[in-house]
Amino acid sequence: MGLFTKNKKGGGAVSNAVVRRKTGGRRPLFHYFAIIVLILYTGFIAMLLGANVLYLLTETADFGVPFFAAILRNPDIRYAAWLTIWTSLLSSFLAISFAVPGAYALSRTDVPFKSILDMFVDTPIILPNIVVGVTLLVFFRTGLGGAIQNMGLQFVYAPAGIVLAQFICVSPYAIRTVKSALDGVDPRLEDVSRTLGWSAGQVFLRVTLPMMRNGIVAGAVIAWALAMGLYGPLMVFAGTTRQRTEVLATSVYLELSIGQIGTALAITMIMVFFAMLALLLFKKLAGGESLW
């Protein structure tokens, strides 16, 4: 199969073995450099998280399970947590629902003005998130958006506005991730399937979709993770009203604004814990890999 043959679990293990054999069993110096850089980067992230835990241990007298339990019993925090969960899941579901056909159109069709459409897909990425919030606020104050509001569909300072702002901000990442996976599928396999008499829809469902599954899962994970931590546009467009539009990210801000650093850090650690756990599970489901 050649120098860069991969197996299911080993990735580039075969090529690495060939390289070591040709260099007398010694690993290339660049390998050690790359490993050191990776350890430095991940070590810095670990130190940042460890600093949060250290602060809670040293500055919070009642730190421990009772401390977190008291925070979780707070009705405002519980409401914010529930609002964060369902809005981020809904927005990421909507994002991936648009990402699959959108990525297919960009990758497999000759849609007119493709470069312009491609540019608009990326626009929310290059805009500061707070600008997205301002743009949504202006839209729903005037013209068509104002008419929608007058019909009773409330988005401004409402939970629906949280979902909409999250969707706008995270969908480009989902589209790009899914498109990257789709670009990796050999079009010749689809062409062969078409010769069997299958329609384009049947080819997509039976051939293309299973082969890009990992990319779809990865796109959903990225969209969900970004939606969980979104902050700027929600402050502008949805507000931070407790028991209505307050999510965990804005809870951190509100707690900091009144000097409750310990509570803010505890909320942060809760978000980090569940985010890391979900990412591990999603990675295993996506690739069938071992968690270790």
# chains A, B, ... in the order shown; residues from 1 in each chain; ligands from 1

$ closest_atom_pairs --of "segment 199-263 of chain A" --to "segment 111-135 of chain A" --cutoff "8 Å" --atoms "only C-alpha atoms" --output "tab-separated table"
residue	atom	partner	partner_atom	distance
A:Gly232	CA	A:Ile130	CA	4.7
A:Pro233	CA	A:Gly133	CA	3.8
A:Leu234	CA	A:Gly133	CA	6.6
A:Met235	CA	A:Gly133	CA	7.8
A:Val236	CA	A:Gly133	CA	5.4
A:Phe237	CA	A:Gly133	CA	5.1

$ residues_around --residues "segment 93-109 of chain A" --least-positions-apart "5" --cutoff "8 Å" --atoms "only C-alpha atoms" --output "PyMOL selection string"
chain A and resi 114+118+167+170-172+174-176+178-179+182-183+216+219-220+223

$ select_by_dssp --residues "segment 19-266 of chain A" --states "helix (DSSP H, G or I)" --output "number ranges by chain"
A: 19-22, 29-59, 65-73, 75-108, 114-126, 129-139, 143-150, 159-183, 187-195, 200-211, 213-229, 232-238, 248-257, 261-266

$ closest_residue --among "A:Asn52, A:Thr195, A:Asn214, A:Asn150" --to "Thr263 of chain A" --atoms "only C-alpha atoms"
A:Asn52

$ residues_around --residues "Arg78 of chain A" --least-positions-apart "6" --cutoff "10 Å" --atoms "only C-alpha atoms" --output "PDB file with C-alpha atoms, in the first residue's frame"
ATOM      1  CA  ILE A  71     -25.014  26.831  43.658  1.00  0.00           C
ATOM      2  CA  LEU A  72     -27.011  24.215  41.778  1.00  0.00           C
ATOM      3  CA  THR A  84     -28.273  26.968  28.234  1.00  0.00           C
ATOM      4  CA  GLN A 243     -35.458  33.629  34.978  1.00  0.00           C
ATOM      5  CA  VAL A 247     -27.734  31.584  30.317  1.00  0.00           C
ATOM      6  CA  LEU A 248     -24.690  30.237  32.136  1.00  0.00           C
TER       7      LEU A 248
END

$ closest_residue --among "A:Leu189, A:Ile267, A:Met47, A:Val53" --to "Met211 of chain A" --atoms "only C-alpha atoms"
A:Leu189

$ decode --residues "segment 22-109 of chain A" --atoms "C-alpha atoms" --output "compact mmCIF listing (two decimals), in the first residue's frame"
# COMPACT_ATOMS: atom_id res chain seq x y z
CA LYS A 22 15.51 3.76 7.79
CA THR A 23 17.05 6.06 10.44
CA GLY A 24 18.50 3.28 12.56
CA GLY A 25 15.65 3.23 15.09
CA ARG A 26 16.03 6.91 16.01
CA ARG A 27 13.04 9.22 15.95
CA PRO A 28 13.52 12.39 13.88
CA LEU A 29 14.39 15.45 15.95
CA PHE A 30 11.32 17.23 14.65
CA HIS A 31 9.11 14.61 16.31
CA TYR A 32 10.49 15.59 19.72
CA PHE A 33 10.05 19.27 18.91
CA ALA A 34 6.40 18.70 17.95
CA ILE A 35 5.77 16.69 21.13
CA ILE A 36 7.33 19.40 23.31
CA VAL A 37 5.17 22.09 21.68
CA LEU A 38 2.05 19.98 22.23
CA ILE A 39 2.94 19.38 25.89
CA LEU A 40 3.63 23.08 26.45
CA TYR A 41 0.30 24.08 24.92
CA THR A 42 -1.82 21.50 26.73
CA GLY A 43 0.11 22.13 29.94
CA PHE A 44 -0.74 25.82 29.75
CA ILE A 45 -4.45 25.02 29.29
CA ALA A 46 -4.28 22.63 32.25
CA MET A 47 -2.61 25.31 34.38
CA LEU A 48 -5.35 27.79 33.54
CA LEU A 49 -8.00 25.33 34.69
CA GLY A 50 -5.92 24.41 37.72
CA ALA A 51 -5.67 28.07 38.69
CA ASN A 52 -9.47 28.21 38.90
CA VAL A 53 -9.55 25.19 41.19
CA LEU A 54 -6.71 26.59 43.31
CA TYR A 55 -8.54 29.88 43.73
CA LEU A 56 -11.68 28.10 44.87
CA LEU A 57 -9.68 25.98 47.31
CA THR A 58 -7.83 28.91 48.87
CA GLU A 59 -10.37 31.72 48.68
CA THR A 60 -13.65 29.88 49.27
CA ALA A 61 -14.07 28.74 52.85
CA ASP A 62 -16.85 26.22 52.19
CA PHE A 63 -15.44 24.87 48.91
CA GLY A 64 -16.48 21.32 48.19
CA VAL A 65 -19.55 19.31 47.26
CA PRO A 66 -21.84 21.39 49.53
CA PHE A 67 -20.58 24.57 47.83
CA PHE A 68 -21.45 23.31 44.33
CA ALA A 69 -24.71 21.81 45.61
CA ALA A 70 -25.73 25.20 47.01
CA ILE A 71 -25.01 26.83 43.66
CA LEU A 72 -27.01 24.22 41.78
CA ARG A 73 -29.92 24.71 44.19
CA ASN A 74 -30.03 28.39 43.32
CA PRO A 75 -33.18 28.79 41.20
CA ASP A 76 -31.56 31.46 39.01
CA ILE A 77 -28.58 29.23 38.21
CA ARG A 78 -30.78 26.20 37.62
CA TYR A 79 -32.94 28.16 35.20
CA ALA A 80 -29.82 29.49 33.43
CA ALA A 81 -28.41 25.96 33.19
CA TRP A 82 -31.62 24.55 31.71
CA LEU A 83 -31.89 27.48 29.29
CA THR A 84 -28.27 26.97 28.23
CA ILE A 85 -28.80 23.25 27.62
CA TRP A 86 -31.92 23.41 25.49
CA THR A 87 -31.02 26.53 23.51
CA SER A 88 -27.51 25.30 22.65
CA LEU A 89 -28.81 21.87 21.65
CA LEU A 90 -31.59 23.36 19.53
CA SER A 91 -29.32 25.90 17.84
CA SER A 92 -26.68 23.26 17.07
CA PHE A 93 -29.37 20.95 15.67
CA LEU A 94 -30.62 23.76 13.43
CA ALA A 95 -27.05 24.60 12.43
CA ILE A 96 -26.23 21.03 11.38
CA SER A 97 -29.60 20.73 9.62
CA PHE A 98 -28.65 23.69 7.44
CA ALA A 99 -24.99 22.66 7.24
CA VAL A 100 -25.54 19.32 5.49
CA PRO A 101 -27.51 20.60 2.47
CA GLY A 102 -25.54 23.87 2.45
CA ALA A 103 -22.21 22.06 2.37
CA TYR A 104 -23.51 19.73 -0.33
CA ALA A 105 -24.54 22.69 -2.50
CA LEU A 106 -21.11 24.31 -2.12
CA SER A 107 -19.18 21.08 -2.69
CA ARG A 108 -21.17 19.16 -5.27
CA THR A 109 -23.25 21.64 -7.32
